[in-house]
Amino acid sequence: MTHMRLILIDFSHNNQGRRLLIIATTSLRPVLTDLGLSESFDSELRVPPIADLRALELVLKAVELFPSSEERRQAIRMLDEAGLGGGEDEVTSRLNIGIKKLLSVVEMARQEPESIAERLTGALMGLGM
């Protein structure tokens, strides 16, 4: 069974000419269409799963998970050594994670600043990758 949570926001009062930006994420696009909600959004951006360490490093840089570039590169090496990188060509990478799930893992890893790389590696390995 799929659960969906909808929040209605009454923005019509005192908006003083301002617009409201609503960002929604879903992995079940057809459900939004079936409910007639897909027409409520002006645009749609599909974000493919993160499937290699180069893409993962770009996300980690963007969310500023590590205090320095060197620590970020060290974490990427750790993930590669753990078997998530697929070697030089990255064609055989075991990494395949949606951006929403990855951001959740990143926030979990952020909770222990002294062992971020270890928490990140453990969490990704725990997902069966």
# chains A, B, ... in the order shown; residues from 1 in each chain; ligands from 1

$ select_by_dssp --residues "chain A" --states "helix (DSSP H, G or I)" --output "PyMOL selection string"
chain A and resi 29-34+38-40+53-62+69-81+99-110+113-126

$ residues_around --residues "Arg119 (chain A)" --least-positions-apart "4" --cutoff "9 Å" --atoms "only C-alpha atoms" --output "PyMOL selection string"
chain A and resi 105-106+108-110+112+115+123-124

$ residues_around --residues "Ile97 (chain A)" --least-positions-apart "5" --cutoff "7 Å" --atoms "only C-alpha atoms" --output "PyMOL selection string"
chain A and resi 49-51+102

$ write_last_selection --atoms "N, CA, C and O atoms" --output "mmCIF file, in the first residue's frame"
data_model
loop_
_atom_site.group_PDB
_atom_site.id
_atom_site.type_symbol
_atom_site.label_atom_id
_atom_site.label_comp_id
_atom_site.auth_asym_id
_atom_site.auth_seq_id
_atom_site.Cartn_x
_atom_site.Cartn_y
_atom_site.Cartn_z
ATOM 1 N N PRO A 49 19.013 8.355 -10.673
ATOM 2 C CA PRO A 49 19.756 7.849 -9.521
ATOM 3 C C PRO A 49 21.255 8.159 -9.638
ATOM 4 O O PRO A 49 21.794 8.239 -10.739
ATOM 5 N N ILE A 50 21.886 8.321 -8.511
ATOM 6 C CA ILE A 50 23.334 8.519 -8.466
ATOM 7 C C ILE A 50 23.956 7.142 -8.670
ATOM 8 O O ILE A 50 23.736 6.233 -7.860
ATOM 9 N N ALA A 51 24.724 6.976 -9.747
ATOM 10 C CA ALA A 51 25.196 5.646 -10.119
ATOM 11 C C ALA A 51 26.711 5.510 -10.177
ATOM 12 O O ALA A 51 27.218 4.434 -10.488
ATOM 13 N N LEU A 102 19.705 9.462 -0.866
ATOM 14 C CA LEU A 102 21.078 9.899 -0.613
ATOM 15 C C LEU A 102 21.107 11.088 0.336
ATOM 16 O O LEU A 102 21.922 11.135 1.262
#

$ residues_around --residues "Arg72 (chain A)" --least-positions-apart "3" --cutoff "9 Å" --atoms "only C-alpha atoms" --output "MDAnalysis selection string"
chainID A and resid 57 60:61 65:69 75:77 117

$ write_last_selection --atoms "C-alpha atoms" --output "short mmCIF file (atom, residue, chain, number, x, y, z; two decimals), in the first residue's frame"
data_model
loop_
_atom_site.label_atom_id
_atom_site.label_comp_id
_atom_site.auth_asym_id
_atom_site.auth_seq_id
_atom_site.Cartn_x
_atom_site.Cartn_y
_atom_site.Cartn_z
CA GLU A 57 31.20 13.46 -5.06
CA LEU A 60 28.62 15.67 -1.40
CA LYS A 61 30.36 18.87 -2.49
CA LEU A 65 29.01 17.39 4.02
CA PHE A 66 32.77 17.56 4.56
CA PRO A 67 34.66 20.58 5.90
CA SER A 68 37.43 20.23 3.29
CA SER A 69 37.98 18.92 -0.22
CA ALA A 75 35.64 9.53 1.79
CA ILE A 76 35.29 8.83 -1.94
CA ARG A 77 38.45 6.68 -1.79
CA ALA A 117 33.04 9.22 6.15
#

$ atom_distance --atom1 "CA of Val59 (chain A)" --atom2 "CA of Arg19 (chain A)"
28.6 Å

$ residues_around --residues "Pro48 (chain A)" --least-positions-apart "5" --cutoff "10 Å" --atoms "only C-alpha atoms" --output "short mmCIF file (atom, residue, chain, number, x, y, z; two decimals) with N, CA and C atoms, in the first residue's frame"
data_model
loop_
_atom_site.label_atom_id
_atom_site.label_comp_id
_atom_site.auth_asym_id
_atom_site.auth_seq_id
_atom_site.Cartn_x
_atom_site.Cartn_y
_atom_site.Cartn_z
N ASN A 96 23.89 2.79 -6.73
CA ASN A 96 22.65 3.14 -7.43
C ASN A 96 21.65 3.60 -6.37
N ILE A 97 21.60 4.91 -6.16
CA ILE A 97 20.75 5.45 -5.09
C ILE A 97 20.04 6.71 -5.57
N GLY A 98 18.78 6.81 -5.24
CA GLY A 98 18.01 8.01 -5.58
C GLY A 98 18.48 9.20 -4.76
N ILE A 99 18.31 10.38 -5.30
CA ILE A 99 18.79 11.59 -4.63
C ILE A 99 18.10 11.81 -3.30
#

$ atom_distance --atom1 "CA of Val63 (chain A)" --atom2 "CA of Ala24 (chain A)"
18.7 Å

$ atom_distance --atom1 "CA of Gly128 (chain A)" --atom2 "CA of Pro113 (chain A)"
24.0 Å
